[in-house]
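Trainee: As input, take entry17.txt (compact mmCIF, C-alpha atoms):
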# COMPACT_ATOMS: atom_id res chain seq x y z
CA MET T 256 -59.50 -11.42 26.85
CA ALA T 257 -62.23 -13.99 27.45
CA ALA T 258 -61.48 -15.54 24.07
CA ALA T 259 -57.72 -15.52 24.61
CA GLU T 260 -57.81 -16.92 28.14
CA ALA T 261 -60.56 -19.52 27.63
CA THR T 262 -59.62 -23.19 27.69
CA GLY T 263 -60.43 -25.52 24.83
CA ARG T 264 -63.31 -27.00 26.82
CA GLN T 265 -64.74 -23.55 27.50
CA ARG T 266 -64.54 -22.55 23.85
CA ALA T 267 -66.08 -25.83 22.71
CA GLY T 268 -68.88 -25.55 25.25
CA SER T 269 -67.90 -28.80 27.02
CA ASP T 270 -67.77 -27.19 30.46
CA ALA T 271 -71.17 -25.57 29.87
CA HIS T 272 -72.70 -28.89 28.82
CA ALA T 273 -71.26 -30.67 31.85
CA ALA T 274 -72.59 -28.00 34.19
CA MET T 275 -76.00 -28.17 32.48
CA ASP T 276 -75.97 -31.95 33.04
CA ASP T 277 -75.36 -31.43 36.74
CA TRP T 278 -78.11 -28.82 36.94
CA GLU T 279 -80.67 -30.93 35.09
CA ASN T 280 -79.81 -33.94 37.27
CA ARG T 281 -80.18 -31.72 40.33
CA PHE T 282 -76.56 -32.04 41.36
CA LEU T 283 -76.51 -28.25 41.11
CA SER T 284 -79.30 -26.27 42.73
CA LEU T 285 -78.51 -23.04 40.85
CA PHE T 286 -78.41 -22.59 37.09
CA PRO T 287 -74.78 -22.70 35.82
CA TYR T 288 -74.62 -19.11 34.59
CA THR T 289 -70.83 -18.87 34.93
CA GLU T 290 -70.06 -21.79 32.65
CA VAL T 291 -72.60 -20.76 30.02
CA VAL T 292 -71.56 -17.09 30.04
CA THR T 293 -67.88 -18.06 29.84
CA HIS T 294 -68.57 -20.03 26.66
CA PHE T 295 -70.59 -17.26 25.05
CA GLN T 296 -68.00 -14.62 25.88
CA ALA T 297 -65.18 -16.82 24.59
CA VAL T 298 -66.66 -17.40 21.14
CA GLY T 299 -69.35 -14.75 20.65
CA ARG T 300 -73.08 -15.30 20.63
CA THR T 301 -73.29 -16.05 16.91
CA GLN T 302 -70.59 -18.73 17.17
CA ALA T 303 -71.93 -20.41 20.30
CA ASP T 304 -72.15 -24.20 20.23
CA PRO T 305 -75.40 -24.99 18.35
CA ALA T 306 -76.14 -27.98 20.58
CA LEU T 307 -75.81 -25.79 23.67
CA VAL T 308 -78.07 -23.14 22.12
CA ARG T 309 -80.72 -25.78 21.36
CA ARG T 310 -80.41 -27.09 24.89
CA LEU T 311 -80.85 -23.64 26.38
CA SER T 312 -83.86 -22.92 24.17
CA ALA T 313 -85.50 -26.08 25.51
CA VAL T 314 -85.19 -25.07 29.17
CA PRO T 315 -88.80 -24.68 30.39
CA ALA T 316 -89.85 -21.20 31.47
CA ASP T 317 -90.00 -21.51 35.23
CA ARG T 318 -92.32 -18.80 36.48
CA HIS T 319 -90.68 -19.05 39.90
CA ASP T 320 -87.23 -18.17 38.57
CA ALA T 321 -87.88 -14.74 37.12
CA PHE T 322 -84.27 -13.92 36.38
CA LEU T 323 -83.63 -17.14 34.45
CA ALA T 324 -86.82 -16.59 32.43
CA ALA T 325 -85.63 -13.07 31.56
CA TRP T 326 -82.05 -14.12 30.82
CA LEU T 327 -82.49 -17.26 28.72
CA PRO T 328 -83.80 -15.48 25.59
CA MET T 329 -80.42 -13.74 25.31
CA THR T 330 -78.77 -17.09 24.61
CA CYS T 331 -81.17 -18.20 21.87
CA ASP T 332 -81.81 -15.08 19.80
CA GLN T 333 -79.17 -15.51 17.09
CA GLU T 334 -81.77 -15.49 14.31
CA THR T 335 -84.71 -13.62 15.79
CA GLY T 336 -83.24 -11.39 18.48
CA GLY T 337 -83.89 -7.71 18.95
CA TYR T 338 -82.40 -4.79 20.80
CA VAL T 339 -83.71 -5.85 24.23
CA THR T 340 -82.14 -9.31 24.22
CA TYR T 341 -78.94 -8.03 22.61
CA ALA T 342 -78.21 -5.59 25.43
CA GLY T 343 -79.54 -7.67 28.33
CA LEU T 344 -82.14 -5.06 29.18
CA ARG T 345 -84.82 -7.33 30.61
CA PRO T 346 -82.55 -8.84 33.29
CA HIS T 347 -81.29 -5.36 34.19
CA LEU T 348 -84.75 -3.90 34.62
CA LEU T 349 -85.90 -6.92 36.59
CA ALA T 350 -82.91 -6.61 38.91
CA ALA T 351 -83.69 -2.93 39.45
CA GLU T 352 -87.39 -3.49 40.06
CA ALA T 353 -87.28 -6.40 42.49
CA ASP T 354 -85.13 -8.37 44.86
CA LEU T 355 -84.15 -11.50 43.01
CA ASP T 356 -85.36 -14.49 44.94
CA GLU T 357 -86.92 -17.85 44.25
CA ASP T 358 -90.44 -16.48 44.75
CA ALA T 359 -90.16 -13.60 42.23
CA ASP T 360 -92.66 -13.81 39.40
CA LEU T 361 -92.29 -12.55 35.85
CA ASP T 362 -94.86 -11.57 33.27
CA GLU T 363 -92.89 -10.80 30.13
CA ASP T 364 -95.85 -9.10 28.45
CA ALA T 365 -96.69 -6.86 31.38
CA ASP T 366 -95.96 -3.15 31.28
CA PRO T 367 -96.74 -2.08 34.85
CA ALA T 368 -97.22 1.55 35.73
CA PRO T 369 -94.20 3.17 37.38
CA PRO T 370 -94.26 2.85 41.16
CA HIS T 371 -95.34 5.72 43.36
CA GLY T 372 -93.75 7.55 46.28
CA GLY T 373 -91.13 5.53 48.10
CA GLY T 374 -91.32 2.87 45.40
CA ARG T 375 -90.05 5.36 42.85
CA ASP T 376 -87.23 6.41 45.14
CA ARG T 377 -86.18 2.79 45.60
CA LEU T 378 -86.30 2.15 41.86
CA ARG T 379 -84.21 5.27 41.23
CA SER T 380 -81.64 4.08 43.73
CA ARG T 381 -81.49 0.58 42.22
CA LEU T 382 -81.19 1.93 38.68
CA ASP T 383 -78.35 4.19 39.78
CA GLU T 384 -76.65 1.34 41.59
CA LEU T 385 -76.95 -0.70 38.39
CA THR T 386 -75.37 2.16 36.42
CA VAL T 387 -72.47 2.33 38.86
CA ALA T 388 -71.97 -1.43 38.59
CA VAL T 389 -71.99 -1.31 34.78
CA LEU T 390 -69.41 1.48 34.69
CA GLY T 391 -67.30 -0.25 37.31
CA ASP T 392 -67.26 -3.45 35.28
CA LEU T 393 -66.44 -1.57 32.07
CA LEU T 394 -63.58 0.28 33.76
CA ARG T 395 -62.27 -3.03 35.08
CA THR T 396 -62.23 -4.39 31.53
CA GLU T 397 -60.58 -1.32 29.97
CA ALA T 398 -57.99 -1.08 32.74
CA ALA T 399 -57.10 -4.73 32.24
CA THR T 400 -56.66 -4.09 28.52
CA ALA T 401 -54.31 -1.21 29.23
CA GLY T 402 -52.44 -3.44 31.67
CA LEU T 403 -51.68 -5.91 28.88
CA GLY T 404 -49.18 -3.38 27.54
CA ALA T 405 -51.19 -2.28 24.51
CA THR T 406 -50.83 1.41 25.36
CA THR T 407 -51.79 2.67 21.91
CA PRO T 408 -53.49 6.06 21.50
CA ALA T 409 -56.82 4.24 21.08
CA VAL T 410 -56.37 2.35 24.35
CA ARG T 411 -55.41 5.56 26.14
CA THR T 412 -58.43 7.42 24.78
CA ARG T 413 -60.83 4.62 25.71
CA LEU T 414 -59.47 4.22 29.23
CA ARG T 415 -59.57 7.94 29.91
CA ALA T 416 -63.14 8.22 28.62
CA THR T 417 -64.29 5.30 30.76
CA ALA T 418 -62.47 6.54 33.86
CA ARG T 419 -63.98 9.99 33.41
CA LEU T 420 -67.48 8.51 33.44
CA LEU T 421 -66.87 6.70 36.71
CA VAL T 422 -65.57 9.94 38.24
CA LEU T 423 -68.79 11.64 37.07
CA CYS T 424 -71.03 8.94 38.54
CA GLY T 425 -72.19 11.29 41.27
CA GLU T 426 -73.88 13.41 38.62
CA LEU T 427 -75.13 10.59 36.42
CA ALA T 428 -76.31 8.34 39.27
CA PRO T 429 -76.86 10.60 42.31
CA SER T 430 -79.21 8.18 44.07
CA HIS T 431 -76.29 5.78 44.61
CA PRO T 432 -73.33 8.06 45.32
CA ILE T 433 -69.77 6.77 45.44
CA ASP T 434 -67.53 8.09 48.17
CA PRO T 435 -65.15 10.54 46.44
CA SER T 436 -62.21 8.74 47.99
CA VAL T 437 -62.95 5.72 45.77
CA THR T 438 -62.24 7.66 42.58
CA ALA T 439 -59.80 10.24 43.96
CA ASP T 440 -56.71 8.52 42.51
CA VAL T 441 -58.47 8.10 39.16
CA ALA T 442 -59.38 11.79 39.05
CA ALA T 443 -55.82 12.76 39.96
CA ALA T 444 -54.38 10.53 37.23
CA LEU T 445 -56.82 11.98 34.69
CA ALA T 446 -55.61 15.47 35.55
CA ARG T 447 -52.03 14.50 34.69
CA THR T 448 -52.57 14.26 30.95
CA GLN T 449 -48.92 13.95 29.96
CA GLU T 450 -48.03 11.04 32.23
CA PRO T 451 -47.74 7.43 31.02
CA LEU T 452 -50.95 5.43 31.07
CA GLU T 453 -49.86 3.01 33.79
CA PRO T 454 -50.78 5.20 36.81
CA LEU T 455 -54.30 5.69 35.46
CA ALA T 456 -54.64 1.99 34.67
CA GLU T 457 -53.52 1.00 38.16
CA ALA T 458 -55.82 3.54 39.83
CA SER T 459 -58.68 2.35 37.62
CA VAL T 460 -58.15 -1.29 38.62
CA ARG T 461 -58.36 -0.36 42.29
CA ALA T 462 -61.41 1.88 41.84
CA ALA T 463 -63.29 -0.67 39.73
CA LYS T 464 -62.60 -3.43 42.26
CA THR T 465 -63.89 -1.27 45.11
CA VAL T 466 -67.01 -0.22 43.19
CA LEU T 467 -67.92 -3.80 42.36
CA GLU T 468 -67.46 -4.78 45.98
CA LEU T 469 -69.72 -1.96 47.17
CA VAL T 470 -72.73 -2.69 44.94
CA SER T 471 -75.20 -5.36 45.99
CA PRO T 472 -74.19 -8.93 45.05
CA SER T 473 -77.41 -9.46 43.09
CA LEU T 474 -76.77 -6.44 40.87
CA ALA T 475 -73.10 -7.36 40.43
CA ARG T 476 -74.17 -10.84 39.28
CA THR T 477 -76.74 -9.36 36.93
CA VAL T 478 -74.13 -7.11 35.31
CA ALA T 479 -71.70 -10.01 34.92
CA ARG T 480 -74.35 -12.22 33.28
CA SER T 481 -75.81 -9.58 30.97
CA LEU T 482 -72.78 -9.35 28.68
CA LEU T 483 -73.21 -11.83 25.82
CA PRO T 484 -71.57 -10.10 22.83
CA VAL T 485 -72.26 -11.41 19.35
CA THR T 486 -68.56 -11.19 18.41
CA CYS T 487 -65.19 -11.56 20.14
CA LEU T 488 -64.32 -7.93 19.37
CA HIS T 489 -63.23 -6.00 22.44
CA ASP T 490 -65.04 -2.83 21.34
CA GLU T 491 -68.41 -4.57 21.53
CA ILE T 492 -68.09 -4.76 25.32
CA MET T 493 -67.99 -0.96 25.49
CA PHE T 494 -70.90 -0.73 23.06
CA ILE T 495 -73.18 -3.02 25.07
CA ARG T 496 -72.26 -1.40 28.39
CA SER T 497 -72.97 2.05 26.92
CA ILE T 498 -76.41 0.90 25.80
CA GLN T 499 -77.08 -0.36 29.33
CA VAL T 500 -76.13 3.02 30.81
CA PHE T 501 -78.35 4.86 28.33
CA GLU T 502 -81.29 2.59 29.10
CA ALA T 503 -80.97 3.16 32.85
CA LEU T 504 -81.00 6.90 32.16
CA TYR T 505 -84.10 6.55 29.97
CA GLU T 506 -85.83 4.76 32.85
CA GLN T 507 -84.90 7.64 35.15
CA ILE T 508 -86.27 10.19 32.71
CA GLY T 509 -89.47 8.19 32.39
CA LEU T 510 -89.87 8.14 36.17
CA ALA T 511 -89.34 11.91 36.35
CA VAL T 512 -91.85 12.65 33.59
CA THR T 513 -94.44 10.44 35.29
CA GLU T 514 -93.78 11.98 38.70
CA SER T 515 -94.02 15.50 37.27
CA ARG T 516 -97.29 14.72 35.49
CA ASP T 517 -98.79 13.19 38.64
CA ALA T 518 -97.69 16.15 40.77
CA LEU T 519 -99.29 18.58 38.32
CA LEU T 520 -102.55 16.67 38.42
CA GLU T 521 -102.60 17.51 42.13
CA GLU T 522 -101.42 21.09 41.46
CA ARG T 523 -98.06 20.60 43.16
CA LEU T 524 -96.12 22.75 40.71
CA ASP T 525 -92.88 22.98 42.69
CA GLU T 526 -92.62 19.19 43.04
CA ALA T 527 -93.26 18.78 39.32
CA ALA T 528 -90.47 21.25 38.51
CA ASP T 529 -88.10 19.59 41.00
CA ALA T 530 -88.54 16.17 39.38
CA LEU T 531 -87.69 17.53 35.94
CA ALA T 532 -84.77 19.61 37.20
CA ALA T 533 -83.18 16.61 38.91
CA VAL T 534 -83.31 14.36 35.87
CA THR T 535 -82.12 17.08 33.48
CA ASP T 536 -79.11 17.61 35.75
CA ARG T 537 -78.21 13.97 35.15
CA MET T 538 -78.13 14.60 31.42
CA THR T 539 -75.20 16.99 31.73
CA VAL T 540 -73.00 13.87 31.75
CA LEU T 541 -74.19 12.79 28.29
CA PRO T 542 -71.29 14.47 26.42
CA ALA T 543 -68.87 12.25 28.37
CA LEU T 544 -70.89 9.16 27.46
CA PHE T 545 -70.91 10.12 23.79
CA ARG T 546 -67.13 10.68 23.93
CA LEU T 547 -66.83 7.09 25.09
CA LEU T 548 -69.03 5.86 22.22
CA GLY T 549 -66.95 7.96 19.85
CA THR T 550 -63.92 5.75 20.54
CA MET T 551 -65.56 2.99 18.48
CA PRO T 552 -63.42 2.41 15.32
CA VAL T 553 -65.46 2.66 12.12
CA GLU T 554 -64.13 -0.62 10.73
CA VAL T 555 -64.87 -2.50 13.96
CA PHE T 556 -68.44 -1.26 14.17
CA ALA T 557 -68.97 -2.37 10.57
CA VAL T 558 -68.27 -5.94 11.71
CA ILE T 559 -70.52 -5.67 14.77
CA ARG T 560 -73.27 -4.10 12.69
CA GLY T 561 -73.11 -7.00 10.24
CA TYR T 562 -74.07 -9.36 13.06
CA THR T 563 -76.74 -7.13 14.61
CA SER T 564 -78.95 -6.29 11.65
CA GLY T 565 -82.50 -5.75 12.87
CA ARG T 566 -81.42 -4.68 16.35
CA SER T 567 -81.74 -0.94 16.84
CA ALA T 568 -82.23 1.63 19.57
CA VAL T 569 -85.50 2.59 17.88
CA GLN T 570 -86.78 -0.60 19.53
CA SER T 571 -86.10 0.79 23.01
CA ARG T 572 -89.38 0.72 24.90
CA SER T 573 -88.17 3.10 27.61
CA TYR T 574 -87.02 5.65 25.01
CA ARG T 575 -90.30 5.56 23.09
CA ARG T 576 -92.33 5.69 26.29
CA ILE T 577 -90.70 9.01 27.25
CA GLU T 578 -91.78 10.63 24.01
CA ALA T 579 -95.27 9.14 24.29
CA ALA T 580 -95.59 10.45 27.86
CA CYS T 581 -94.42 13.98 27.15
CA ALA T 582 -96.86 15.14 24.47
CA PRO T 583 -99.68 13.84 22.29
CA HIS T 584 -98.63 12.17 19.05
CA PRO T 585 -100.56 11.02 16.00
CA PRO T 586 -102.48 7.82 16.82
CA SER T 587 -100.38 4.68 16.52
CA GLY T 588 -100.67 1.28 18.05
CA VAL T 589 -97.16 1.46 19.49
CA ALA T 590 -97.44 4.87 21.15
CA ASP T 591 -100.95 4.18 22.39
CA SER T 592 -99.79 1.03 24.18
CA LEU T 593 -96.89 2.84 25.85
CA TRP T 594 -98.81 5.59 27.63
CA THR T 595 -102.34 6.11 28.87
CA GLY T 596 -103.91 9.17 30.40
CA PRO T 597 -102.96 12.81 29.89
CA THR T 598 -99.43 13.63 28.80
CA LEU T 599 -97.15 15.97 30.70
CA GLN T 600 -97.62 18.68 28.08
CA GLU T 601 -101.42 18.48 28.32
CA VAL T 602 -101.35 18.87 32.10
CA TRP T 603 -98.82 21.70 31.88
CA THR T 604 -101.06 23.52 29.40
CA ASP T 605 -103.79 23.63 32.05
CA VAL T 606 -101.55 25.22 34.69
CA ARG T 607 -98.98 27.27 32.78
CA THR T 608 -100.66 30.61 33.49
CA ARG T 609 -100.92 30.05 37.23
CA PRO T 610 -98.64 31.78 39.75
CA GLY T 611 -95.36 29.89 40.13
CA ALA T 612 -95.63 28.13 36.76
CA ASP T 613 -92.68 29.99 35.22
CA ARG T 614 -90.11 27.75 36.89
CA LEU T 615 -92.00 24.65 35.75
CA THR T 616 -92.03 25.95 32.18
CA GLU T 617 -88.30 26.58 32.34
CA GLN T 618 -87.66 23.00 33.48
CA LEU T 619 -89.77 21.66 30.63
CA ARG T 620 -87.65 23.77 28.29
CA ARG T 621 -84.40 22.48 29.84
CA LEU T 622 -85.47 18.86 29.47
CA ASP T 623 -86.60 19.45 25.89
CA SER T 624 -83.27 21.08 25.02
CA SER T 625 -81.23 18.31 26.65
CA TRP T 626 -83.27 15.59 24.94
CA ARG T 627 -82.81 17.12 21.50
CA GLY T 628 -79.13 17.72 22.24
CA MET T 629 -78.77 14.02 23.03
CA LYS T 630 -80.40 13.08 19.75
CA ARG T 631 -78.16 15.48 17.81
CA SER T 632 -75.10 13.85 19.40
CA HIS T 633 -76.45 10.43 18.46
CA TRP T 634 -76.91 11.63 14.89
CA GLY T 635 -73.36 12.97 14.78
CA ILE T 636 -71.84 9.75 16.12
CA THR T 637 -73.89 7.68 13.68
CA LEU T 638 -72.90 9.86 10.74
CA ARG T 639 -69.21 9.45 11.58
CA ILE T 640 -69.30 5.70 12.23
CA ILE T 641 -71.78 4.33 9.67
CA GLY T 642 -72.35 7.25 7.29
CA GLU T 643 -75.56 7.50 5.29
CA VAL T 644 -76.28 3.76 4.99
CA PRO T 645 -79.72 2.49 6.11
CA GLY T 646 -80.26 1.96 9.82
CA THR T 647 -80.37 -1.49 11.40
CA GLY T 648 -83.92 -1.07 12.65
CA GLY T 649 -85.45 -0.44 9.24
CA THR T 650 -84.95 3.34 9.42
CA ALA T 651 -83.09 5.64 7.03
CA GLY T 652 -80.08 5.68 9.37
CA ALA T 653 -78.34 8.99 10.03
CA SER T 654 -80.93 10.99 8.07
CA TYR T 655 -83.68 9.51 10.24
CA LEU T 656 -81.77 10.52 13.38
CA LYS T 657 -81.28 14.04 12.04
CA THR T 658 -85.03 14.36 11.49
CA THR T 659 -85.92 13.06 14.94
CA SER T 660 -83.35 15.34 16.58
CA GLU T 661 -85.38 18.29 15.35
CA THR T 662 -88.60 16.98 16.92
CA PRO T 663 -89.26 18.57 20.33
CA LEU T 664 -90.48 16.66 23.36
CA PHE T 665 -92.96 19.45 24.04
CA PRO T 666 -94.17 21.00 20.77
CA ALA T 667 -96.29 23.51 22.69
CA LEU T 668 -93.08 25.13 23.97
CA THR T 669 -91.89 25.92 20.46
CA GLY T 670 -93.46 28.51 18.26
CA LYS T 671 -93.48 32.20 19.07
CA GLY T 672 -89.82 32.17 18.10
CA GLU T 673 -88.79 29.75 20.86
CA ARG T 674 -86.34 26.92 20.13
Now that the file is in, can you turn its structure into structure tokens?
Mentor:
Amino acid sequence: MAAAEATGRQRAGSDAHAAMDDWENRFLSLFPYTEVVTHFQAVGRTQADPALVRRLSAVPADRHDAFLAAWLPMTCDQETGGYVTYAGLRPHLLAAEADLDEDADLDEDADPAPPHGGGRDRLRSRLDELTVAVLGDLLRTEAATAGLGATTPAVRTRLRATARLLVLCGELAPSHPIDPSVTADVAAALARTQEPLEPLAEASVRAAKTVLELVSPSLARTVARSLLPVTCLHDEIMFIRSIQVFEALYEQIGLAVTESRDALLEERLDEAADALAAVTDRMTVLPALFRLLGTMPVEVFAVIRGYTSGRSAVQSRSYRRIEAACAPHPPSGVADSLWTGPTLQEVWTDVRTRPGADRLTEQLRRLDSSWRGMKRSHWGITLRIIGEVPGTGGTAGASYLKTTSETPLFPALTGKGER
């Protein structure tokens, strides 16, 4: 839609250049995100005006504008970009971690320890609010597509899958609950499976508008600016938004694992179990998220994949940090830099025979099972969409995912016939 509705000046980058002129000459006090994003969305990141890309790459890194410093690499990574810049993950995490203001600072190489106590609760809430905003924006896009009259089976399936995720937000993002009345009409339309698509599309438009009005303006702006697809293919919007939802969930799992480990170090077994139980409950929504990803047409993903070689989820720092934090692994520079101190499994081993440890052990088992189930679903989706071809991140593709899906988070739980 951005490509179809863009003016000639927007597609050519003329409006973006003019706005950059005003910003550089201090006629504009704020960076012209809207004009630049409009151009990138109209033509795709790989077809962006080369002069504009060079201009953006020359913008000095202003340490006092943390968001701009985190966002700019997304615009200039056509040749050297990775998974993080592709999916806009750095701006998202920054928005979740801090209030965006002119005094915020950014150290791109820093990997701070997760916050403690109330800080963790605030980060959880912000991450959940970000998830709600992402799903609200995706539903807005899919509902608008359905409203164009293209009510094909594919459009129906995609809209229903997206709407279902917003309805399930209370389970996926419980720290930022949506009033049930906001999605009541959407849920009712989903229940009427034989009706035309229009009632669901209309209810989705209303729900998405309300959701985006209820989230904080800073997070809404972040979500709007973090979508710079490499192509003009509509399906890539869903793909990027799905990655963003997964990454927020990985951050939540990482927080829970850290909190559980810290609680066990102080012998607070019930609190450790509670933290794991809460985050595993979130993962019950994963089948719905994979159903959404499963609406990606094979032939469309082949095009997207051709432009994203070298960008892969294996590069996800939050994903790899979870596995590094859960149990010891063979020494490696990557894993060693992601986690220091005892792992959750090592601390659990010290307390597992104490009174009250059975519930903790069961929660470790639940998380392990859910994590491997997620990886099996990822393997299945990959096998259907790209087959047995090599993976984009230098892996063996689907066969690599199959192997990793069999690797437990907590190896000490397996054995003795346990799976």
Trainee: Of the candidates T:Pro315, T:Asp332, T:Ile640, T:Arg447, which shows the shortest atom-to-atom distance to Thr550 (chain T), using all atoms listed in the file?
Mentor: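 Of T:Pro315, T:Asp332, T:Ile640, T:Arg447, the one nearest Thr550 (chain T), counting all atoms listed in the file, is T:Ile640.
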Trainee: Build an axis-aligned box that encloses every atom of region 405-423 of chain T listed in the file, pad it by 3 Å on each side, and report its centre and edge lengths in Å to one decimal, as lines of an AutoDock Vina configuration file.
Mentor:
center_x = -59.8
center_y = 4.7
center_z = 29.7
size_x = 24.0
size_y = 19.9
size_z = 23.2
Trainee: Skip Leu285 (chain T) itself and residues of its chain fewer than 6 positions away, then list as number ranges by chain all residues within 12 Å of it, counting only C-alpha atoms.
Mentor: T: 274-275, 277-279, 320, 322-323, 356-357
Trainee: Using all atoms listed in the file, find each residue in region 379-408 of chain T having at least one atom no more than 12 Å away from region 423-438 of chain T; report its shortest atom-to-atom pair and that distance in Å (one decimal), rows by chain then rising number, as a Markdown table.
Mentor:
| residue | atom | partner | partner_atom | distance |
| --- | --- | --- | --- | --- |
| T:Arg379 | CA | T:Ser430 | CA | 6.4 |
| T:Ser380 | CA | T:Ser430 | CA | 4.8 |
| T:Arg381 | CA | T:His431 | CA | 7.7 |
| T:Leu382 | CA | T:Ala428 | CA | 8.1 |
| T:Asp383 | CA | T:Ala428 | CA | 4.7 |
| T:Glu384 | CA | T:His431 | CA | 5.4 |
| T:Leu385 | CA | T:His431 | CA | 9.0 |
| T:Thr386 | CA | T:Ala428 | CA | 6.9 |
| T:Val387 | CA | T:Cys424 | CA | 6.8 |
| T:Ala388 | CA | T:His431 | CA | 10.3 |
| T:Val389 | CA | T:Cys424 | CA | 11.0 |
| T:Leu390 | CA | T:Cys424 | CA | 8.5 |
| T:Gly391 | CA | T:Cys424 | CA | 10.0 |
| T:Leu394 | CA | T:Thr438 | CA | 11.6 |
Trainee: Near Arg572 (chain T), counting only C-alpha atoms, which residues have an atom at most 9 Å away, once you skip same-chain residues fewer than 5 positions from it, shown as JSON, numbers by chain?
Mentor: {"T": [339, 577, 593]}
Trainee: Take the residues that were just selected and, keeping C-alpha atoms, output them as a PDB file, keeping the file's coordinate frame.
Mentor:
ATOM      1  CA  VAL T 339     -83.710  -5.850  24.230  1.00  0.00           C
ATOM      2  CA  ILE T 577     -90.700   9.010  27.250  1.00  0.00           C
ATOM      3  CA  LEU T 593     -96.890   2.840  25.850  1.00  0.00           C
TER       4      LEU T 593
END
Trainee: So which residues touch Val410 (chain T) within 12 Å, counting all atoms listed in the file, skipping near sequence neighbours fewer than 6 positions away, as a ChimeraX atom specification?
Mentor: /T:396-404,416-417,452-453,455-456,489-490,547,550-552
Trainee: Produce a file of the selected residues containing C-alpha atoms, as a PDB file, keeping the file's coordinate frame.
Mentor:
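Generated output (part_5.pdb):
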ATOM      1  CA  THR T 396     -62.230  -4.390  31.530  1.00  0.00           C
ATOM      2  CA  GLU T 397     -60.580  -1.320  29.970  1.00  0.00           C
ATOM      3  CA  ALA T 398     -57.990  -1.080  32.740  1.00  0.00           C
ATOM      4  CA  ALA T 399     -57.100  -4.730  32.240  1.00  0.00           C
ATOM      5  CA  THR T 400     -56.660  -4.090  28.520  1.00  0.00           C
ATOM      6  CA  ALA T 401     -54.310  -1.210  29.230  1.00  0.00           C
ATOM      7  CA  GLY T 402     -52.440  -3.440  31.670  1.00  0.00           C
ATOM      8  CA  LEU T 403     -51.680  -5.910  28.880  1.00  0.00           C
ATOM      9  CA  GLY T 404     -49.180  -3.380  27.540  1.00  0.00           C
ATOM     10  CA  ALA T 416     -63.140   8.220  28.620  1.00  0.00           C
ATOM     11  CA  THR T 417     -64.290   5.300  30.760  1.00  0.00           C
ATOM     12  CA  LEU T 452     -50.950   5.430  31.070  1.00  0.00           C
ATOM     13  CA  GLU T 453     -49.860   3.010  33.790  1.00  0.00           C
ATOM     14  CA  LEU T 455     -54.300   5.690  35.460  1.00  0.00           C
ATOM     15  CA  ALA T 456     -54.640   1.990  34.670  1.00  0.00           C
ATOM     16  CA  HIS T 489     -63.230  -6.000  22.440  1.00  0.00           C
ATOM     17  CA  ASP T 490     -65.040  -2.830  21.340  1.00  0.00           C
ATOM     18  CA  LEU T 547     -66.830   7.090  25.090  1.00  0.00           C
ATOM     19  CA  THR T 550     -63.920   5.750  20.540  1.00  0.00           C
ATOM     20  CA  MET T 551     -65.560   2.990  18.480  1.00  0.00           C
ATOM     21  CA  PRO T 552     -63.420   2.410  15.320  1.00  0.00           C
TER      22      PRO T 552
END
Trainee: Region 532-537 of chain T: which residues within 10 Å, counting all atoms listed in the file, same-chain residues fewer than 5 positions away excluded, as a list in words?
Mentor: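 Non-adjacent residues within range: Leu423, Cys424, Gly425, Glu426, Leu427, Ala428, Pro429, Leu504, Tyr505, Gln507, Ile508, Gly509, Leu510, Ala511, Val512, Glu526, Ala527, Arg614, Leu615, Glu617, Gln618, Leu619, Arg621, Leu622, Asp623, Ser624, Ser625 and Trp626 of chain T.
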Trainee: Rounded to one decimal place, report the CA of Pro663 (chain T)-CA of Cys581 (chain T) distance in Å.
Mentor: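 Calculated distance between CA of Pro663 (chain T) and CA of Cys581 (chain T) is 9.7 Å.
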Trainee: Report, in Å with one decimal, the straight-line distance from CA of Phe665 (chain T) to CA of Glu521 (chain T).
Mentor: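 Pair CA of Phe665 (chain T) / CA of Glu521 (chain T) returns 20.6 Å.
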Trainee: For Ile492 (chain T), find every residue with an atom within 12 Å (counting all atoms listed in the file), except residues of its own chain fewer than 2 positions away, and show them as a ChimeraX atom specification.
Mentor: /T:256-257,296,299,341-342,389-390,392-397,400,413,478-479,481-490,494-499,547-548,551,556,559
Trainee: Let me make sure I understand: among T:Phe282, T:Ala444, T:Leu524, T:Leu467, which one has the smallest atom-to-atom distance to Asp605 (chain T) if we use all atoms listed in the file?
Mentor: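 Using all atoms listed in the file, the shortest distance to Asp605 (chain T) belongs to T:Leu524.
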Trainee: Quick one, how far is CA of Ala462 (chain T) from CA of Val441 (chain T)?
Mentor: 7.4 Å
Trainee: Taking (-65.1, 11.5, 30.5) in the file's coordinates as the center, which residues reach within 6 Å of it, counting all atoms listed in the file, put as a compact mmCIF listing (two decimals) with C-alpha atoms, in the frame of the given file?
Mentor:
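In the end it all went to selection.txt:
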# COMPACT_ATOMS: atom_id res chain seq x y z
CA ALA T 416 -63.14 8.22 28.62
CA ARG T 419 -63.98 9.99 33.41
CA LEU T 420 -67.48 8.51 33.44
CA ALA T 543 -68.87 12.25 28.37
Trainee: Restricting the calculation to all atoms listed in the file, which member of T:Ser632, T:Ser515, T:Asp525, T:Gly343 is positioned closest to Pro610 (chain T)?
Mentor: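 Smallest distance to Pro610 (chain T) is found for T:Asp525.
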Trainee: Could you tell me, as a PyMOL selection string, which residues have any atom at most 9 Å from (-80.6, -15.3, 30.1), counting all atoms listed in the file?
Mentor: chain T and resi 288+322-331+340+343+346+480-481
